[in-house]
$ cat model-v9.cif   # mmCIF, C-alpha atoms and all ligand atoms
data_start
loop_
_atom_site.label_atom_id
_atom_site.label_comp_id
_atom_site.auth_asym_id
_atom_site.auth_seq_id
_atom_site.Cartn_x
_atom_site.Cartn_y
_atom_site.Cartn_z
CA MET R 1 -105.96 -165.37 -124.99
CA GLU R 2 -108.81 -162.96 -124.28
CA LEU R 3 -108.91 -160.29 -121.55
CA VAL R 4 -112.29 -159.62 -119.94
CA ASN R 5 -112.39 -156.25 -118.15
CA ASN R 6 -114.45 -154.84 -115.29
CA VAL R 7 -115.36 -158.25 -113.89
CA ILE R 8 -116.86 -158.32 -110.38
CA CYS R 9 -115.22 -160.72 -107.95
CA PRO R 10 -117.71 -163.29 -106.59
CA PHE R 11 -115.98 -163.95 -103.29
CA CYS R 12 -116.37 -161.45 -100.45
CA GLY R 13 -118.81 -158.62 -99.69
CA THR R 14 -116.37 -156.02 -101.03
CA LEU R 15 -117.44 -157.08 -104.55
CA CYS R 16 -114.37 -155.55 -106.24
CA ASP R 17 -115.53 -154.45 -109.70
CA ASP R 18 -112.17 -153.88 -111.39
CA ILE R 19 -111.00 -157.45 -111.98
CA VAL R 20 -109.49 -158.38 -115.33
CA CYS R 21 -109.74 -162.07 -116.24
CA LYS R 22 -107.36 -163.80 -118.66
CA VAL R 23 -109.43 -166.40 -120.53
CA GLU R 24 -107.91 -169.20 -122.59
CA ASP R 25 -109.86 -172.12 -124.09
CA ASN R 26 -112.98 -171.08 -122.16
CA GLU R 27 -111.12 -171.20 -118.83
CA VAL R 28 -109.93 -168.39 -116.54
CA VAL R 29 -106.16 -168.88 -116.41
CA GLY R 30 -105.20 -165.68 -114.62
CA THR R 31 -106.44 -162.40 -113.17
CA PHE R 32 -105.28 -158.82 -112.68
CA ASN R 33 -106.25 -156.76 -109.60
CA ALA R 34 -107.86 -159.62 -107.65
CA CYS R 35 -106.50 -160.47 -104.19
CA ILE R 36 -105.21 -163.99 -103.61
CA ILE R 37 -108.62 -165.24 -102.41
CA GLY R 38 -110.53 -163.77 -105.34
CA HIS R 39 -107.86 -164.98 -107.78
CA SER R 40 -108.20 -168.53 -106.40
CA LYS R 41 -111.94 -168.52 -106.91
CA PHE R 42 -111.55 -167.55 -110.57
CA VAL R 43 -108.74 -169.91 -111.50
CA HIS R 44 -109.96 -172.88 -109.44
CA ALA R 45 -113.54 -172.77 -110.72
CA GLU R 46 -112.70 -175.97 -112.60
CA GLY R 47 -110.69 -178.84 -111.16
CA ALA R 48 -110.86 -182.19 -109.41
CA MET R 49 -113.28 -180.92 -106.74
CA ARG R 50 -115.83 -179.67 -109.31
CA TYR R 51 -119.07 -181.55 -109.91
CA THR R 52 -120.15 -181.68 -113.54
CA LYS R 53 -123.14 -184.05 -113.27
CA PRO R 54 -125.95 -184.39 -110.70
CA LEU R 55 -125.31 -187.21 -108.23
CA LEU R 56 -127.74 -189.32 -106.22
CA ARG R 57 -126.69 -191.44 -103.26
CA LYS R 58 -127.75 -195.08 -103.77
CA ASP R 59 -126.70 -197.79 -101.29
CA GLY R 60 -124.14 -195.41 -99.83
CA GLU R 61 -122.49 -194.57 -103.17
CA PHE R 62 -123.05 -191.59 -105.48
CA VAL R 63 -124.32 -192.44 -108.96
CA GLU R 64 -124.66 -190.00 -111.85
CA ILE R 65 -128.17 -189.01 -112.86
CA SER R 66 -129.59 -186.49 -115.35
CA TYR R 67 -130.62 -182.95 -114.43
CA ASP R 68 -134.29 -183.90 -115.06
CA GLU R 69 -134.06 -186.82 -112.62
CA ALA R 70 -132.28 -184.64 -110.05
CA ILE R 71 -134.87 -181.87 -110.34
CA GLU R 72 -137.72 -184.36 -109.92
CA LYS R 73 -136.05 -186.01 -106.93
CA ALA R 74 -135.41 -182.63 -105.25
CA ALA R 75 -139.01 -181.51 -105.81
CA GLN R 76 -140.32 -184.83 -104.44
CA ILE R 77 -138.18 -184.53 -101.28
CA LEU R 78 -139.41 -180.98 -100.62
CA VAL R 79 -143.08 -181.77 -101.31
CA ASP R 80 -143.01 -184.93 -99.13
CA ALA R 81 -141.41 -183.16 -96.15
CA GLN R 82 -143.49 -181.73 -93.30
CA ARG R 83 -140.87 -179.13 -92.26
CA PRO R 84 -138.48 -178.60 -95.17
CA LEU R 85 -135.58 -176.22 -94.56
CA MET R 86 -133.96 -174.25 -97.41
CA TYR R 87 -130.68 -172.79 -96.23
CA GLY R 88 -127.73 -170.86 -97.65
CA TRP R 89 -128.17 -168.51 -100.65
CA SER R 90 -125.21 -166.22 -99.91
CA CYS R 91 -122.99 -167.23 -102.86
CA THR R 92 -125.54 -166.87 -105.59
CA GLU R 93 -127.40 -164.12 -107.42
CA CYS R 94 -130.52 -162.26 -106.30
CA GLU R 95 -132.60 -163.66 -109.16
CA ALA R 96 -131.96 -167.24 -107.93
CA GLN R 97 -132.70 -166.11 -104.37
CA ALA R 98 -136.07 -164.70 -105.50
CA ALA R 99 -136.88 -167.99 -107.26
CA GLY R 100 -135.88 -169.80 -104.05
CA MET R 101 -138.30 -167.62 -102.06
CA ALA R 102 -141.12 -168.58 -104.47
CA LEU R 103 -140.19 -172.26 -104.04
CA ALA R 104 -140.11 -171.93 -100.23
CA GLU R 105 -143.57 -170.37 -100.24
CA ASP R 106 -144.88 -173.10 -102.54
CA VAL R 107 -143.56 -176.04 -100.48
CA ARG R 108 -144.20 -174.20 -97.18
CA ALA R 109 -140.56 -174.37 -96.14
CA ILE R 110 -138.42 -172.44 -93.70
CA ILE R 111 -135.99 -170.32 -95.69
CA ASP R 112 -132.89 -168.89 -94.07
CA ASN R 113 -129.44 -167.71 -95.08
CA THR R 114 -125.95 -167.65 -93.65
CA ALA R 115 -126.72 -164.38 -91.83
CA SER R 116 -128.30 -166.56 -89.15
CA VAL R 117 -124.75 -167.61 -88.16
CA CYS R 118 -122.94 -164.32 -88.95
CA HIS R 119 -124.59 -160.89 -89.15
CA GLY R 120 -128.03 -162.03 -87.90
CA PRO R 121 -127.47 -160.05 -84.68
CA SER R 122 -126.83 -156.95 -86.83
CA LEU R 123 -130.15 -157.45 -88.63
CA LEU R 124 -131.97 -157.78 -85.30
CA ALA R 125 -130.29 -154.61 -84.03
CA VAL R 126 -131.27 -152.73 -87.19
CA HIS R 127 -134.94 -153.56 -86.45
CA ASP R 128 -134.54 -151.89 -83.05
CA THR R 129 -132.34 -148.91 -83.76
CA GLY R 130 -132.05 -148.19 -87.51
CA TYR R 131 -129.22 -148.26 -90.00
CA PRO R 132 -127.16 -145.09 -90.53
CA VAL R 133 -125.35 -146.49 -93.59
CA CYS R 134 -123.35 -144.88 -96.42
CA THR R 135 -121.68 -146.23 -99.55
CA LEU R 136 -118.08 -147.40 -99.88
CA GLY R 137 -117.65 -144.61 -102.43
CA GLU R 138 -118.47 -142.05 -99.73
CA VAL R 139 -115.93 -143.73 -97.45
CA LYS R 140 -113.26 -143.45 -100.14
CA ASN R 141 -114.03 -139.81 -100.94
CA ARG R 142 -114.93 -138.43 -97.52
CA ALA R 143 -113.95 -140.53 -94.49
CA ASP R 144 -111.20 -139.06 -92.31
CA ILE R 145 -111.77 -141.45 -89.37
CA VAL R 146 -112.11 -145.15 -90.07
CA VAL R 147 -112.95 -147.60 -87.28
CA TYR R 148 -112.68 -151.37 -87.78
CA TRP R 149 -114.38 -153.08 -84.83
CA GLY R 150 -114.22 -156.87 -84.43
CA CYS R 151 -113.01 -157.54 -87.98
CA ASN R 152 -109.74 -158.25 -89.74
CA PRO R 153 -110.07 -157.10 -93.37
CA PHE R 154 -106.33 -157.57 -93.92
CA HIS R 155 -107.16 -161.28 -94.29
CA ALA R 156 -110.95 -161.55 -94.68
CA HIS R 157 -111.56 -158.69 -97.18
CA PRO R 158 -108.01 -158.14 -98.48
CA ARG R 159 -108.70 -155.20 -100.86
CA HIS R 160 -111.22 -153.42 -98.63
CA MET R 161 -108.65 -151.07 -97.11
CA ALA R 162 -106.73 -150.39 -100.32
CA ARG R 163 -109.82 -149.70 -102.42
CA HIS R 164 -111.94 -147.78 -99.92
CA ALA R 165 -110.74 -147.04 -96.40
CA PHE R 166 -107.13 -146.10 -97.21
CA ALA R 167 -107.58 -145.02 -100.85
CA ARG R 168 -107.06 -141.55 -102.28
CA GLY R 169 -110.47 -139.86 -102.60
CA PHE R 170 -111.99 -136.55 -103.69
CA PHE R 171 -111.63 -134.95 -100.24
CA ARG R 172 -108.82 -137.27 -99.12
CA GLU R 173 -106.20 -136.67 -101.75
CA ARG R 174 -103.34 -138.15 -99.71
CA GLY R 175 -105.24 -141.38 -99.01
CA ARG R 176 -104.08 -143.14 -95.83
CA SER R 177 -102.20 -140.02 -94.64
CA ASP R 178 -105.49 -138.08 -94.58
CA ARG R 179 -107.18 -140.60 -92.32
CA THR R 180 -107.05 -141.74 -88.70
CA VAL R 181 -107.55 -145.48 -88.38
CA ILE R 182 -108.82 -147.02 -85.14
CA VAL R 183 -109.00 -150.79 -84.68
CA VAL R 184 -110.92 -152.37 -81.80
CA ASP R 185 -109.86 -155.96 -81.41
CA PRO R 186 -108.72 -158.17 -78.50
CA ARG R 187 -105.93 -159.50 -80.74
CA LYS R 188 -103.02 -157.65 -82.28
CA SER R 189 -104.30 -158.62 -85.72
CA ASP R 190 -102.57 -157.64 -88.95
CA THR R 191 -105.24 -154.95 -89.41
CA ALA R 192 -104.54 -153.66 -85.88
CA LYS R 193 -100.84 -153.35 -86.77
CA LEU R 194 -101.83 -150.77 -89.43
CA ALA R 195 -103.93 -148.68 -87.03
CA ASP R 196 -103.12 -145.29 -85.46
CA ILE R 197 -105.04 -146.32 -82.35
CA HIS R 198 -105.55 -149.92 -81.28
CA LEU R 199 -108.11 -150.40 -78.52
CA GLN R 200 -107.14 -153.89 -77.37
CA LEU R 201 -110.17 -154.74 -75.28
CA ASP R 202 -110.73 -157.89 -73.22
CA TYR R 203 -112.67 -160.71 -74.90
CA ASN R 204 -116.46 -160.39 -74.68
CA LYS R 205 -116.32 -156.84 -73.32
CA ASP R 206 -117.53 -154.97 -76.42
CA TYR R 207 -120.78 -153.89 -74.79
CA GLU R 208 -118.99 -152.42 -71.77
CA LEU R 209 -116.57 -150.51 -73.99
CA VAL R 210 -119.29 -149.04 -76.25
CA ASP R 211 -121.30 -148.13 -73.16
CA ALA R 212 -118.33 -146.30 -71.62
CA MET R 213 -117.68 -144.47 -74.90
CA ARG R 214 -121.33 -143.38 -75.10
CA SER R 215 -121.18 -142.16 -71.48
CA ILE R 216 -118.13 -140.02 -72.30
CA LEU R 217 -119.82 -138.75 -75.47
CA MET R 218 -122.81 -137.63 -73.39
CA GLY R 219 -120.52 -135.70 -71.06
CA HIS R 220 -120.54 -138.16 -68.14
CA ASP R 221 -117.52 -139.40 -66.26
CA VAL R 222 -116.48 -143.06 -66.20
CA LEU R 223 -116.09 -144.18 -62.61
CA TYR R 224 -113.42 -146.83 -63.24
CA ASP R 225 -109.73 -146.47 -64.11
CA GLU R 226 -110.17 -148.94 -66.91
CA VAL R 227 -113.09 -150.47 -68.82
CA ALA R 228 -112.90 -153.71 -70.79
CA GLY R 229 -109.19 -153.82 -69.95
CA ILE R 230 -108.49 -150.43 -71.57
CA PRO R 231 -107.26 -147.46 -69.48
CA LYS R 232 -109.84 -144.70 -69.13
CA ASP R 233 -107.46 -142.09 -70.59
CA GLN R 234 -107.09 -144.10 -73.78
CA ILE R 235 -110.88 -144.42 -74.13
CA VAL R 236 -111.36 -140.68 -73.56
CA GLY R 237 -108.66 -139.95 -76.18
CA ALA R 238 -110.33 -142.23 -78.72
CA VAL R 239 -113.75 -140.63 -78.11
CA GLU R 240 -112.25 -137.16 -78.60
CA ALA R 241 -110.82 -138.33 -81.93
CA LEU R 242 -114.25 -139.67 -82.99
CA LYS R 243 -115.89 -136.34 -82.13
CA GLU R 244 -113.36 -134.44 -84.25
CA ALA R 245 -114.23 -136.34 -87.45
CA GLN R 246 -115.48 -134.61 -90.56
CA PHE R 247 -116.85 -137.94 -91.82
CA GLY R 248 -116.51 -141.06 -89.70
CA ILE R 249 -117.20 -144.66 -90.63
CA LEU R 250 -117.57 -147.65 -88.33
CA PHE R 251 -116.97 -151.02 -90.03
CA PHE R 252 -117.93 -153.90 -87.76
CA GLY R 253 -117.57 -157.65 -88.03
CA MET R 254 -118.32 -160.88 -86.28
CA GLY R 255 -115.91 -160.09 -83.47
CA ILE R 256 -118.63 -157.84 -82.09
CA THR R 257 -121.79 -159.50 -83.48
CA HIS R 258 -120.84 -162.81 -81.85
CA SER R 259 -119.19 -161.73 -78.63
CA LEU R 260 -121.21 -161.79 -75.41
CA GLY R 261 -124.30 -159.58 -75.83
CA LYS R 262 -124.68 -160.28 -79.58
CA HIS R 263 -127.39 -158.04 -81.07
CA ARG R 264 -127.37 -155.84 -77.96
CA ASN R 265 -123.74 -155.01 -78.80
CA ILE R 266 -124.87 -153.81 -82.22
CA ASP R 267 -127.88 -151.97 -80.74
CA THR R 268 -125.58 -149.92 -78.58
CA ALA R 269 -122.94 -149.49 -81.33
CA ILE R 270 -125.62 -148.11 -83.68
CA MET R 271 -126.79 -145.79 -80.91
CA MET R 272 -123.18 -144.65 -80.45
CA VAL R 273 -123.05 -143.76 -84.15
CA GLN R 274 -126.33 -141.85 -83.72
CA ASP R 275 -124.86 -140.06 -80.67
CA LEU R 276 -121.73 -139.21 -82.67
CA ASN R 277 -123.90 -137.45 -85.23
CA ASN R 278 -124.45 -134.74 -82.59
CA PHE R 279 -120.80 -133.84 -83.17
CA ALA R 280 -119.88 -134.96 -86.69
CA LYS R 281 -121.15 -136.95 -89.68
CA TRP R 282 -120.93 -140.65 -88.76
CA THR R 283 -122.08 -143.81 -90.54
CA LEU R 284 -121.59 -147.57 -90.30
CA ILE R 285 -121.29 -150.57 -92.60
CA PRO R 286 -121.29 -154.25 -91.55
CA MET R 287 -118.36 -156.24 -92.99
CA ARG R 288 -120.43 -158.82 -94.87
CA GLY R 289 -118.54 -162.01 -95.69
CA HIS R 290 -120.10 -164.02 -98.55
CA TYR R 291 -120.34 -161.85 -101.64
CA ASN R 292 -124.17 -161.80 -101.79
CA VAL R 293 -125.23 -162.49 -98.20
CA ASN R 294 -126.59 -158.95 -98.20
CA GLY R 295 -128.52 -159.66 -101.42
CA PHE R 296 -130.49 -162.46 -99.78
CA ASN R 297 -131.49 -160.23 -96.88
CA GLN R 298 -132.72 -157.63 -99.40
CA VAL R 299 -134.60 -160.14 -101.56
CA CYS R 300 -136.09 -161.95 -98.55
CA THR R 301 -137.33 -158.62 -97.17
CA TRP R 302 -138.96 -157.59 -100.47
CA GLU R 303 -140.68 -160.94 -100.78
CA SER R 304 -141.70 -161.73 -97.20
CA GLY R 305 -141.21 -158.58 -95.13
CA TYR R 306 -138.40 -160.22 -93.13
CA PRO R 307 -134.66 -160.55 -93.84
CA PHE R 308 -133.99 -164.20 -92.85
CA CYS R 309 -135.36 -167.08 -90.70
CA VAL R 310 -138.72 -166.99 -92.55
CA ASP R 311 -141.18 -169.82 -91.93
CA TYR R 312 -143.86 -170.41 -94.60
CA ALA R 313 -145.43 -173.41 -92.77
CA THR R 314 -148.84 -171.73 -92.54
CA GLY R 315 -148.70 -170.25 -96.03
CA THR R 316 -147.91 -166.76 -94.74
CA PRO R 317 -144.42 -165.67 -93.71
CA ARG R 318 -143.60 -165.89 -90.01
CA TYR R 319 -140.37 -164.63 -88.46
CA ASN R 320 -139.00 -165.53 -85.09
CA PRO R 321 -135.20 -166.00 -84.96
CA GLY R 322 -134.50 -168.38 -82.08
CA GLU R 323 -137.41 -170.54 -83.25
CA THR R 324 -137.38 -170.29 -87.06
CA GLY R 325 -133.61 -170.21 -87.62
CA SER R 326 -131.86 -173.08 -89.37
CA ASN R 327 -130.01 -174.16 -86.25
CA ASP R 328 -133.19 -174.00 -84.20
CA VAL R 329 -135.17 -176.31 -86.47
CA LEU R 330 -132.22 -178.67 -87.00
CA GLN R 331 -131.21 -178.93 -83.35
CA ASN R 332 -134.86 -179.31 -82.26
CA LYS R 333 -135.15 -182.11 -84.83
CA GLU R 334 -138.07 -180.28 -86.49
CA ALA R 335 -136.59 -180.10 -89.98
CA ASP R 336 -137.23 -183.35 -91.85
CA ALA R 337 -135.56 -182.41 -95.16
CA MET R 338 -133.00 -179.78 -96.09
CA MET R 339 -131.95 -178.09 -99.29
CA VAL R 340 -128.61 -176.28 -99.10
CA VAL R 341 -127.90 -173.72 -101.81
CA ALA R 342 -124.60 -171.85 -102.29
CA SER R 343 -123.21 -172.35 -98.80
CA ASP R 344 -121.50 -174.92 -96.61
CA PRO R 345 -123.27 -175.58 -93.30
CA GLY R 346 -121.42 -178.92 -93.12
CA ALA R 347 -118.26 -176.93 -92.39
CA HIS R 348 -119.78 -174.36 -90.05
CA PHE R 349 -122.82 -175.63 -88.15
CA PRO R 350 -122.55 -177.07 -84.63
CA GLN R 351 -122.44 -180.79 -83.99
CA ARG R 352 -126.12 -181.19 -83.02
CA ALA R 353 -127.29 -179.51 -86.21
CA LEU R 354 -124.98 -181.74 -88.27
CA GLU R 355 -126.29 -184.84 -86.49
CA ARG R 356 -129.82 -183.89 -87.63
CA MET R 357 -128.57 -183.23 -91.18
CA ALA R 358 -127.14 -186.75 -91.20
CA GLU R 359 -130.61 -188.16 -90.30
CA ILE R 360 -132.69 -186.38 -92.96
CA PRO R 361 -132.56 -186.12 -96.78
CA VAL R 362 -130.14 -183.34 -97.78
CA ILE R 363 -130.09 -181.78 -101.25
CA ALA R 364 -126.94 -179.75 -102.04
CA VAL R 365 -127.01 -177.28 -104.93
CA GLU R 366 -123.28 -176.70 -104.98
CA PRO R 367 -120.55 -176.61 -107.65
CA HIS R 368 -117.69 -178.06 -105.58
CA ARG R 369 -117.03 -180.87 -103.14
CA THR R 370 -117.53 -179.56 -99.58
CA PRO R 371 -118.26 -181.08 -96.16
CA THR R 372 -121.97 -180.47 -96.97
CA THR R 373 -121.93 -182.33 -100.29
CA VAL R 374 -120.09 -185.24 -98.66
CA MET R 375 -123.10 -185.78 -96.35
CA ALA R 376 -125.74 -184.97 -99.01
CA ASP R 377 -128.13 -187.45 -100.60
CA LEU R 378 -128.53 -185.48 -103.81
CA ILE R 379 -126.03 -183.08 -105.40
CA ILE R 380 -127.08 -180.69 -108.18
CA PRO R 381 -124.11 -178.78 -109.64
CA PRO R 382 -124.87 -175.24 -110.86
CA ALA R 383 -122.92 -172.78 -113.00
CA ILE R 384 -120.85 -170.43 -110.81
CA VAL R 385 -122.37 -166.95 -110.70
CA GLY R 386 -119.88 -164.23 -111.59
CA ILE R 387 -117.76 -166.63 -113.66
CA GLU R 388 -120.12 -168.88 -115.65
CA ALA R 389 -123.45 -167.09 -115.12
CA GLU R 390 -124.50 -163.48 -114.68
CA GLY R 391 -126.78 -162.04 -112.04
CA THR R 392 -127.21 -159.32 -109.43
CA ALA R 393 -125.37 -159.10 -106.11
CA TYR R 394 -125.50 -156.55 -103.27
CA ARG R 395 -122.24 -155.17 -101.95
CA MET R 396 -121.79 -154.86 -98.16
CA ASP R 397 -122.98 -151.22 -98.34
CA GLY R 398 -126.21 -152.17 -100.13
CA VAL R 399 -125.17 -151.16 -103.66
CA PRO R 400 -126.45 -153.69 -106.25
CA LEU R 401 -123.99 -154.70 -108.97
CA LYS R 402 -124.41 -156.84 -112.08
CA MET R 403 -122.10 -159.87 -112.05
CA LYS R 404 -120.57 -160.86 -115.39
CA LYS R 405 -120.45 -164.18 -117.18
CA VAL R 406 -116.80 -164.70 -118.15
CA VAL R 407 -116.80 -168.25 -119.59
CA LYS R 408 -119.46 -170.56 -121.02
CA THR R 409 -120.80 -173.74 -119.44
CA ASP R 410 -123.46 -176.37 -120.12
CA LEU R 411 -124.40 -176.51 -116.44
CA LEU R 412 -127.73 -175.02 -115.36
CA SER R 413 -127.62 -171.81 -113.33
CA ASP R 414 -128.96 -171.65 -109.75
CA LEU R 415 -131.88 -169.63 -111.14
CA GLU R 416 -132.77 -172.30 -113.72
CA ILE R 417 -132.48 -175.05 -111.09
CA MET R 418 -134.80 -173.21 -108.68
CA GLU R 419 -137.35 -172.44 -111.41
CA LYS R 420 -137.36 -176.06 -112.59
CA ILE R 421 -137.75 -177.47 -109.05
CA LEU R 422 -140.64 -175.05 -108.44
CA GLU R 423 -142.35 -176.11 -111.66
CA LYS R 424 -141.92 -179.79 -110.79
CA ALA R 425 -143.10 -179.28 -107.17
CA LYS R 426 -146.30 -177.66 -108.47
CA GLU R 427 -146.82 -180.60 -110.85
CA ILE R 428 -146.33 -183.16 -108.07
CA ARG R 429 -148.75 -181.38 -105.75
CA ALA R 430 -151.34 -181.00 -108.53
CA SER R 431 -151.18 -184.73 -109.23
CA LYS R 432 -151.78 -185.71 -105.58
S1 LIG X 501 -111.27 -158.20 -101.58
FE1 LIG X 501 -112.97 -159.65 -101.78
S2 LIG X 501 -114.11 -159.01 -103.62
FE2 LIG X 501 -112.07 -158.00 -103.68
S3 LIG X 501 -110.79 -159.37 -104.93
FE3 LIG X 501 -110.50 -159.96 -102.77
S4 LIG X 501 -112.00 -161.60 -102.39
FE4 LIG X 501 -112.59 -160.54 -104.28
#
$ encode --input "model-v9.cif" --output "structure tokens"
Amino acid sequence: MELVNNVICPFCGTLCDDIVCKVEDNEVVGTFNACIIGHSKFVHAEGAMRYTKPLLRKDGEFVEISYDEAIEKAAQILVDAQRPLMYGWSCTECEAQAAGMALAEDVRAIIDNTASVCHGPSLLAVHDTGYPVCTLGEVKNRADIVVYWGCNPFHAHPRHMARHAFARGFFRERGRSDRTVIVVDPRKSDTAKLADIHLQLDYNKDYELVDAMRSILMGHDVLYDEVAGIPKDQIVGAVEALKEAQFGILFFGMGITHSLGKHRNIDTAIMMVQDLNNFAKWTLIPMRGHYNVNGFNQVCTWESGYPFCVDYATGTPRYNPGETGSNDVLQNKEADAMMVVASDPGAHFPQRALERMAEIPVIAVEPHRTPTTVMADLIIPPAIVGIEAEGTAYRMDGVPLKMKKVVKTDLLSDLEIMEKILEKAKEIRASK
């Protein structure tokens, strides 16, 4: 048995970089340091649900085909389509994402990632109000007030608190004891149970609560006895605690990005962090879910100037979330072909979008059986980045990390698949 050290976990946006993998007969048979979710990803990379050959649907049944045939078929579908959609990208490396951008430009597709159904409102808010971010290392070493708003890392990012928010750091030698933890959540979640202060607001009242907190910060009175279901005294007490910070961090999740108000909630939350900087050092970090969802937004911005929902129909990038998002073009029945890479819209998109996916050719570049692959017409299995292929990923705080290859495989990587489809698409167009 071989031990591979300092492996980065390819599951959530925390990108833990201290995983040790036990490898036997070219298979990960165990891990040290990983949480239960990360461990499962490593040890269940193989198994009954894993695709090992490309599959094409013929007469309702999947038949095995070669990689060359699958690449040619995928290129043909994208070239033939009038409004191809290329969606996903959050569970693969930046290099494959960049190759995907080149392919989208070549076939004049709409390219979008899972942010359009998670932290898209955060990206829109960042356009309006900026991004006072810091690194998770600064949180570990400096933060004395930690706010989790609309997120439940206890279950969604299980090592986030232990490694960063509660950990012993340079200026926080006693770890959790040196920090005040505030959780804002309508539910008494397992994260909320660990908090010093739990602001248990009413559902969909995030905007009202942030607004009241900003009013208090600016020295105004709040005219009501309670806001968002929280007594005024408790809100005033929480704001006083925020003002007293030496270094404060606001982590926020989909509980606030997708409650009523969406990106306006994040606008005002960012402005609250800016207001807090009149009193103390304050920063924020979105709790990104998929391990490289942030990477796509970075790559997409370098390549096109926009972070997601980019439409190359005219040959130049155009960006208008609400019109050029995946759900927009699916539900409007604009998209006439779809390539899904490293994500599972079949499990997460609304019914009307799925109905459109069922009507059009769907290519799934995906290692495992998922609700998306079940409805796909063509499945191309890639090597799994971070286990079978290396590549770059961006942590939730924007720090890029190099993912390791732990075991060998004969499967093509996402990067190789994208490059080959691009090459073939160019050939097909040249021969027309
Ligand atoms: S917290 Fe996230 S990155 Fe860390 S081991 Fe668990 S799943 Fe992997």
$ closest_residue --input "model-v9.cif" --among "R:Leu250, R:Ala353, R:Leu209, R:Arg172" --to "Val236 in chain R" --atoms "all atoms listed in the file"
R:Leu209
$ closest_residue --input "model-v9.cif" --among "R:Ala280, R:Ile379, R:Leu103, R:His290" --to "ligand LIG 501 (chain X)" --atoms "all atoms listed in the file"
R:His290
$ closest_residue --input "model-v9.cif" --among "R:Gly150, R:Gly229, R:Met339, R:Tyr394" --to "ligand LIG 501 (chain X)" --atoms "only C-alpha atoms and all ligand atoms"
R:Tyr394
$ atom_distance --input "model-v9.cif" --atom1 "CA of Ser343 in chain R" --atom2 "CA of Cys134 in chain R"
27.6 Å
$ residues_near_ligand --input "model-v9.cif" --ligand "ligand LIG 501 (chain X)" --cutoff "9 Å" --atoms "all atoms listed in the file" --output "number ranges by chain"
R: 8-19, 33-41, 153, 155-161, 163, 289-291
$ closest_residue --input "model-v9.cif" --among "R:Glu226, R:Asp59, R:Asp202, R:Glu72" --to "Lys420 in chain R" --atoms "all atoms listed in the file"
R:Glu72
$ atom_distance --input "model-v9.cif" --atom1 "CA of Val7 in chain R" --atom2 "CA of Ala383 in chain R"
16.4 Å
$ closest_residue --input "model-v9.cif" --among "R:Val365, R:Ile360, R:Ala96, R:Ile387" --to "Glu416 in chain R" --atoms "only C-alpha atoms"
R:Ala96
